[in-house]
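A short write-up of the structure that comes next.
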Amino acid sequence: MVDYAAMVADDLIQLLFQEEDRVSLELIDELVERDEEVLPRLREIWQEEEYWYESEGGNYWIVFHAGAVISLCGHPSDIPLVMSKLFDAFVAEQEWVQEYLPAILAEFGEPIIQPLMDYLIEERQGYWDSHDYSQTRYKAAAALVILAGDFEEQRARIVSFIQGLYQDPAEDDIGFLSMAAYALIALDRKRGLRLIKEAYARNLISIPANGTYYAFLAKLDDPDYDWRSDFEIDVLDFYEPDMIAERQARWAEEKNNPTPLYWEPGTKPPQNAPEAWTLEEQVLPEGYTKMTAGNVVRDAKVGRNDPCPCGSGKKYKKCHGA
């Protein structure tokens, strides 16, 4: 058993780099206990673009750990710092930060409610430049759902605000409204369904993303579809021993059985790649050309971080732009 209490702050932070995604609850608890002793360095790490972009190993995981500890310490003065990186979480493809963003934000408690509401209004047209803004706004809304459950006296205010976005003529971010539909349901199912049905009628819900209104209804009661996960997640879940073990098993499986992007014509598809297809079987969306070498290119320019026009839901750079 490591005696974290006997270690100096710099060595504790160095362990965050070394242990990558295997950091223990005990180490996080010790860092939170040290509070102002470790926060200056963790704040620097959170702002360091080198760690956000193109990082590997411990340098990749350190961003998540820094955000987790900063949020668990919960100083209101750190709210602008944490929120300044919401967009980076998606542009830099920090997927674990993305997943836990609602929990990280909600750790700040009541003081972050108004900043989250302000963000949702101020960035409502951000999707004009990048659809990543739709996702960051959704994560902010998901954090508000968590806060509504944690602070009953704030619940009515939060419910009224989220519902109001669906009634506001200025709100036309279809990506956000489609994702946040589940936030409406989590807050007030009866009223939420009415607003969602109205949004469908105004073509403000993406059918490729959410399905038809009745398909959406069916998913809400499907035991195999966990639409509540963003509203129930907790920062410390990441550090639970069973979660650490689950991740290590996942990395081992992926290393031993990598999933191919396609398989050669005439060969049997591998069991771990049921959705892949042969190059010959690819049906290219309009505006794409398959080159002699087999790669697929688009005739018109599409931003690498834009949604792929083929409708897969992935970013262009991770789909036909790969």
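In the structure tokens, the first chain shown is A, the next is B, and so on; residue numbers restart at 1 for each chain, and ligands run from 1 in the order shown.
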### Task
Do a neighbour search on A:Ala170 at 12 Å with only C-alpha atoms, toss out local chain neighbours closer than 5 positions, and write the hits as a VMD selection string.
chain A and resid 121 to 125 164 to 165 204
Deliver the residues from the most recent selection as a file, using C-alpha atoms, as a PDB file, in the first residue's frame.
ATOM      1  CA  ILE A 121     -27.052  31.068 -24.651  1.00  0.00           C
ATOM      2  CA  GLU A 122     -23.762  32.650 -25.677  1.00  0.00           C
ATOM      3  CA  GLU A 123     -22.623  29.682 -27.807  1.00  0.00           C
ATOM      4  CA  ARG A 124     -25.958  28.862 -29.411  1.00  0.00           C
ATOM      5  CA  GLN A 125     -24.688  29.916 -32.851  1.00  0.00           C
ATOM      6  CA  GLY A 164     -37.324  27.399 -22.517  1.00  0.00           C
ATOM      7  CA  LEU A 165     -34.559  26.592 -25.009  1.00  0.00           C
ATOM      8  CA  LEU A 204     -35.564  20.767 -35.055  1.00  0.00           C
TER       9      LEU A 204
END
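Residues in contact range of stretch 222-233 of chain A, defined as at most 6 Å between only C-alpha atoms, with sequence neighbours fewer than 2 positions away removed, read Ala103, Ala142, Ile146, Lys219 and Leu220 of chain A.
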### Task
Just the residues within 12 Å of stretch 23-38 of chain A, please, counting only C-alpha atoms, with nothing from its chain fewer than 6 positions along; format it as a VMD selection string.
chain A and resid 1 to 17 44 to 45 58 61 to 62 64 to 75 78 235 to 245 247
Could you turn the residues from that selection into a file that holds C-alpha atoms, as a PDB file, in the first residue's frame?
ATOM      1  CA  MET A   1       0.000   0.000   0.000  1.00  0.00           C
ATOM      2  CA  VAL A   2       1.500   3.344  -1.060  1.00  0.00           C
ATOM      3  CA  ASP A   3       1.729   5.962   1.680  1.00  0.00           C
ATOM      4  CA  TYR A   4       0.573   8.950  -0.348  1.00  0.00           C
ATOM      5  CA  ALA A   5       0.428  11.161   2.744  1.00  0.00           C
ATOM      6  CA  ALA A   6       4.214  10.861   3.118  1.00  0.00           C
ATOM      7  CA  MET A   7       4.879  12.044  -0.447  1.00  0.00           C
ATOM      8  CA  VAL A   8       5.538  15.617  -1.559  1.00  0.00           C
ATOM      9  CA  ALA A   9       3.039  17.285  -3.899  1.00  0.00           C
ATOM     10  CA  ASP A  10       5.274  17.150  -6.989  1.00  0.00           C
ATOM     11  CA  ASP A  11       5.716  13.387  -6.602  1.00  0.00           C
ATOM     12  CA  LEU A  12       1.971  12.896  -6.250  1.00  0.00           C
ATOM     13  CA  ILE A  13       1.367  14.773  -9.490  1.00  0.00           C
ATOM     14  CA  GLN A  14       4.132  12.791 -11.190  1.00  0.00           C
ATOM     15  CA  LEU A  15       2.242   9.623 -10.255  1.00  0.00           C
ATOM     16  CA  LEU A  16      -0.729  10.915 -12.252  1.00  0.00           C
ATOM     17  CA  PHE A  17       1.505  10.841 -15.335  1.00  0.00           C
ATOM     18  CA  GLU A  44      -1.205  24.863 -15.536  1.00  0.00           C
ATOM     19  CA  ILE A  45      -1.649  21.334 -16.856  1.00  0.00           C
ATOM     20  CA  GLY A  58       0.564   9.663 -19.300  1.00  0.00           C
ATOM     21  CA  TRP A  61      -4.443  10.976 -19.288  1.00  0.00           C
ATOM     22  CA  ILE A  62      -3.062  13.899 -17.285  1.00  0.00           C
ATOM     23  CA  PHE A  64      -8.473  14.129 -17.329  1.00  0.00           C
ATOM     24  CA  HIS A  65      -6.841  13.826 -13.914  1.00  0.00           C
ATOM     25  CA  ALA A  66      -6.190  17.563 -13.694  1.00  0.00           C
ATOM     26  CA  GLY A  67      -9.808  18.365 -14.503  1.00  0.00           C
ATOM     27  CA  ALA A  68     -11.058  15.756 -12.059  1.00  0.00           C
ATOM     28  CA  VAL A  69      -9.032  17.062  -9.117  1.00  0.00           C
ATOM     29  CA  ILE A  70      -9.743  20.716  -9.894  1.00  0.00           C
ATOM     30  CA  SER A  71     -13.472  19.987 -10.003  1.00  0.00           C
ATOM     31  CA  LEU A  72     -13.422  17.860  -6.849  1.00  0.00           C
ATOM     32  CA  CYS A  73     -11.716  20.705  -4.991  1.00  0.00           C
ATOM     33  CA  GLY A  74     -14.640  22.804  -6.241  1.00  0.00           C
ATOM     34  CA  HIS A  75     -13.333  26.370  -5.963  1.00  0.00           C
ATOM     35  CA  ASP A  78     -11.832  27.731 -11.146  1.00  0.00           C
ATOM     36  CA  VAL A 235     -16.125  11.833 -11.459  1.00  0.00           C
ATOM     37  CA  LEU A 236     -14.888   9.251  -8.958  1.00  0.00           C
ATOM     38  CA  ASP A 237     -16.425   6.416 -10.989  1.00  0.00           C
ATOM     39  CA  PHE A 238     -13.338   6.582 -13.204  1.00  0.00           C
ATOM     40  CA  TYR A 239     -11.073   5.657 -10.296  1.00  0.00           C
ATOM     41  CA  GLU A 240     -13.081   2.737  -8.921  1.00  0.00           C
ATOM     42  CA  PRO A 241     -11.079  -0.524  -8.959  1.00  0.00           C
ATOM     43  CA  ASP A 242     -13.653  -2.344 -11.090  1.00  0.00           C
ATOM     44  CA  MET A 243     -13.604   0.460 -13.672  1.00  0.00           C
ATOM     45  CA  ILE A 244      -9.804   0.365 -13.798  1.00  0.00           C
ATOM     46  CA  ALA A 245      -9.904  -3.407 -14.322  1.00  0.00           C
ATOM     47  CA  ARG A 247     -10.417  -0.545 -18.951  1.00  0.00           C
TER      48      ARG A 247
END
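Rounded to one decimal, atom CA of A:Tyr213 and atom CA of A:Gly175 lie 15.5 Å from each other.
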Residues within 12 Å of A:Asp173, please, as a PDB file with N, CA, C and O atoms, in the first residue's frame. Count only C-alpha atoms; anything in the same chain fewer than 6 positions from it doesn't count.
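Saved result, out-v7.pdb, follows:
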ATOM      1  N   LEU A 120     -24.754  28.240 -22.564  1.00  0.00           N
ATOM      2  CA  LEU A 120     -25.730  27.690 -23.504  1.00  0.00           C
ATOM      3  C   LEU A 120     -26.346  28.771 -24.386  1.00  0.00           C
ATOM      4  O   LEU A 120     -26.667  28.524 -25.557  1.00  0.00           O
ATOM      5  N   ILE A 121     -26.508  29.959 -23.858  1.00  0.00           N
ATOM      6  CA  ILE A 121     -27.052  31.068 -24.651  1.00  0.00           C
ATOM      7  C   ILE A 121     -25.974  31.689 -25.532  1.00  0.00           C
ATOM      8  O   ILE A 121     -26.173  31.894 -26.740  1.00  0.00           O
ATOM      9  N   GLU A 123     -23.198  30.513 -26.747  1.00  0.00           N
ATOM     10  CA  GLU A 123     -22.623  29.682 -27.807  1.00  0.00           C
ATOM     11  C   GLU A 123     -23.677  29.024 -28.688  1.00  0.00           C
ATOM     12  O   GLU A 123     -23.367  28.089 -29.423  1.00  0.00           O
ATOM     13  N   ARG A 124     -24.884  29.536 -28.668  1.00  0.00           N
ATOM     14  CA  ARG A 124     -25.958  28.862 -29.411  1.00  0.00           C
ATOM     15  C   ARG A 124     -25.740  28.913 -30.920  1.00  0.00           C
ATOM     16  O   ARG A 124     -26.283  28.083 -31.655  1.00  0.00           O
ATOM     17  N   GLN A 125     -24.968  29.861 -31.417  1.00  0.00           N
ATOM     18  CA  GLN A 125     -24.688  29.916 -32.851  1.00  0.00           C
ATOM     19  C   GLN A 125     -23.291  29.408 -33.184  1.00  0.00           C
ATOM     20  O   GLN A 125     -22.841  29.517 -34.317  1.00  0.00           O
ATOM     21  N   GLY A 126     -22.617  28.836 -32.192  1.00  0.00           N
ATOM     22  CA  GLY A 126     -21.278  28.315 -32.422  1.00  0.00           C
ATOM     23  C   GLY A 126     -21.251  27.216 -33.464  1.00  0.00           C
ATOM     24  O   GLY A 126     -20.254  27.031 -34.165  1.00  0.00           O
ATOM     25  N   TYR A 127     -22.362  26.476 -33.607  1.00  0.00           N
ATOM     26  CA  TYR A 127     -22.395  25.364 -34.556  1.00  0.00           C
ATOM     27  C   TYR A 127     -22.243  25.836 -35.991  1.00  0.00           C
ATOM     28  O   TYR A 127     -21.936  25.043 -36.885  1.00  0.00           O
ATOM     29  N   TRP A 128     -22.437  27.136 -36.226  1.00  0.00           N
ATOM     30  CA  TRP A 128     -22.195  27.673 -37.569  1.00  0.00           C
ATOM     31  C   TRP A 128     -20.740  27.462 -37.975  1.00  0.00           C
ATOM     32  O   TRP A 128     -20.439  27.272 -39.156  1.00  0.00           O
ATOM     33  N   ASP A 129     -19.847  27.521 -37.002  1.00  0.00           N
ATOM     34  CA  ASP A 129     -18.420  27.329 -37.260  1.00  0.00           C
ATOM     35  C   ASP A 129     -17.971  25.894 -37.049  1.00  0.00           C
ATOM     36  O   ASP A 129     -17.099  25.399 -37.760  1.00  0.00           O
ATOM     37  N   SER A 130     -18.554  25.221 -36.072  1.00  0.00           N
ATOM     38  CA  SER A 130     -18.170  23.838 -35.782  1.00  0.00           C
ATOM     39  C   SER A 130     -19.289  23.136 -35.029  1.00  0.00           C
ATOM     40  O   SER A 130     -19.825  23.674 -34.061  1.00  0.00           O
ATOM     41  N   HIS A 131     -19.600  21.923 -35.453  1.00  0.00           N
ATOM     42  CA  HIS A 131     -20.635  21.146 -34.775  1.00  0.00           C
ATOM     43  C   HIS A 131     -20.170  20.648 -33.410  1.00  0.00           C
ATOM     44  O   HIS A 131     -20.982  20.124 -32.643  1.00  0.00           O
ATOM     45  N   ASP A 132     -18.893  20.818 -33.107  1.00  0.00           N
ATOM     46  CA  ASP A 132     -18.429  20.472 -31.760  1.00  0.00           C
ATOM     47  C   ASP A 132     -19.103  21.339 -30.705  1.00  0.00           C
ATOM     48  O   ASP A 132     -19.256  20.919 -29.553  1.00  0.00           O
ATOM     49  N   TYR A 133     -19.519  22.545 -31.092  1.00  0.00           N
ATOM     50  CA  TYR A 133     -20.227  23.406 -30.133  1.00  0.00           C
ATOM     51  C   TYR A 133     -21.563  22.794 -29.729  1.00  0.00           C
ATOM     52  O   TYR A 133     -22.027  22.981 -28.602  1.00  0.00           O
ATOM     53  N   SER A 134     -22.196  22.078 -30.643  1.00  0.00           N
ATOM     54  CA  SER A 134     -23.457  21.413 -30.297  1.00  0.00           C
ATOM     55  C   SER A 134     -23.223  20.414 -29.172  1.00  0.00           C
ATOM     56  O   SER A 134     -24.033  20.292 -28.245  1.00  0.00           O
ATOM     57  N   GLN A 135     -22.100  19.711 -29.254  1.00  0.00           N
ATOM     58  CA  GLN A 135     -21.803  18.696 -28.241  1.00  0.00           C
ATOM     59  C   GLN A 135     -21.414  19.327 -26.912  1.00  0.00           C
ATOM     60  O   GLN A 135     -21.811  18.843 -25.849  1.00  0.00           O
ATOM     61  N   THR A 136     -20.621  20.404 -26.956  1.00  0.00           N
ATOM     62  CA  THR A 136     -20.244  21.046 -25.699  1.00  0.00           C
ATOM     63  C   THR A 136     -21.468  21.635 -25.012  1.00  0.00           C
ATOM     64  O   THR A 136     -21.595  21.573 -23.780  1.00  0.00           O
ATOM     65  N   ARG A 137     -22.383  22.182 -25.781  1.00  0.00           N
ATOM     66  CA  ARG A 137     -23.603  22.732 -25.195  1.00  0.00           C
ATOM     67  C   ARG A 137     -24.444  21.618 -24.581  1.00  0.00           C
ATOM     68  O   ARG A 137     -25.049  21.791 -23.513  1.00  0.00           O
ATOM     69  N   TYR A 138     -24.480  20.475 -25.248  1.00  0.00           N
ATOM     70  CA  TYR A 138     -25.231  19.353 -24.667  1.00  0.00           C
ATOM     71  C   TYR A 138     -24.636  18.927 -23.332  1.00  0.00           C
ATOM     72  O   TYR A 138     -25.361  18.657 -22.370  1.00  0.00           O
ATOM     73  N   LEU A 165     -35.383  26.656 -23.806  1.00  0.00           N
ATOM     74  CA  LEU A 165     -34.559  26.592 -25.009  1.00  0.00           C
ATOM     75  C   LEU A 165     -35.334  25.998 -26.176  1.00  0.00           C
ATOM     76  O   LEU A 165     -35.140  26.374 -27.334  1.00  0.00           O
ATOM     77  N   TYR A 166     -36.242  25.057 -25.874  1.00  0.00           N
ATOM     78  CA  TYR A 166     -37.023  24.409 -26.939  1.00  0.00           C
ATOM     79  C   TYR A 166     -38.188  25.283 -27.406  1.00  0.00           C
ATOM     80  O   TYR A 166     -38.814  24.979 -28.422  1.00  0.00           O
ATOM     81  N   MET A 179     -29.610  16.069 -29.133  1.00  0.00           N
ATOM     82  CA  MET A 179     -28.941  15.412 -28.006  1.00  0.00           C
ATOM     83  C   MET A 179     -29.605  15.750 -26.678  1.00  0.00           C
ATOM     84  O   MET A 179     -29.783  14.886 -25.809  1.00  0.00           O
ATOM     85  N   ALA A 180     -29.981  17.004 -26.509  1.00  0.00           N
ATOM     86  CA  ALA A 180     -30.540  17.450 -25.230  1.00  0.00           C
ATOM     87  C   ALA A 180     -31.975  16.990 -25.020  1.00  0.00           C
ATOM     88  O   ALA A 180     -32.543  17.220 -23.947  1.00  0.00           O
ATOM     89  N   ALA A 199     -40.885  20.038 -31.325  1.00  0.00           N
ATOM     90  CA  ALA A 199     -39.607  20.251 -32.003  1.00  0.00           C
ATOM     91  C   ALA A 199     -39.502  19.385 -33.258  1.00  0.00           C
ATOM     92  O   ALA A 199     -38.981  19.824 -34.285  1.00  0.00           O
ATOM     93  N   ASN A 203     -39.080  20.472 -37.353  1.00  0.00           N
ATOM     94  CA  ASN A 203     -37.856  19.954 -37.971  1.00  0.00           C
ATOM     95  C   ASN A 203     -36.599  20.369 -37.208  1.00  0.00           C
ATOM     96  O   ASN A 203     -35.560  20.653 -37.803  1.00  0.00           O
ATOM     97  N   LEU A 204     -36.696  20.383 -35.887  1.00  0.00           N
ATOM     98  CA  LEU A 204     -35.564  20.767 -35.055  1.00  0.00           C
ATOM     99  C   LEU A 204     -34.923  19.563 -34.350  1.00  0.00           C
ATOM    100  O   LEU A 204     -34.030  19.749 -33.525  1.00  0.00           O
ATOM    101  N   ILE A 205     -35.396  18.371 -34.659  1.00  0.00           N
ATOM    102  CA  ILE A 205     -34.803  17.148 -34.138  1.00  0.00           C
ATOM    103  C   ILE A 205     -34.302  16.327 -35.313  1.00  0.00           C
ATOM    104  O   ILE A 205     -35.026  16.129 -36.289  1.00  0.00           O
ATOM    105  N   SER A 206     -33.076  15.850 -35.227  1.00  0.00           N
ATOM    106  CA  SER A 206     -32.477  15.077 -36.312  1.00  0.00           C
ATOM    107  C   SER A 206     -33.005  13.644 -36.313  1.00  0.00           C
ATOM    108  O   SER A 206     -32.798  12.895 -35.358  1.00  0.00           O
TER     109      SER A 206
END
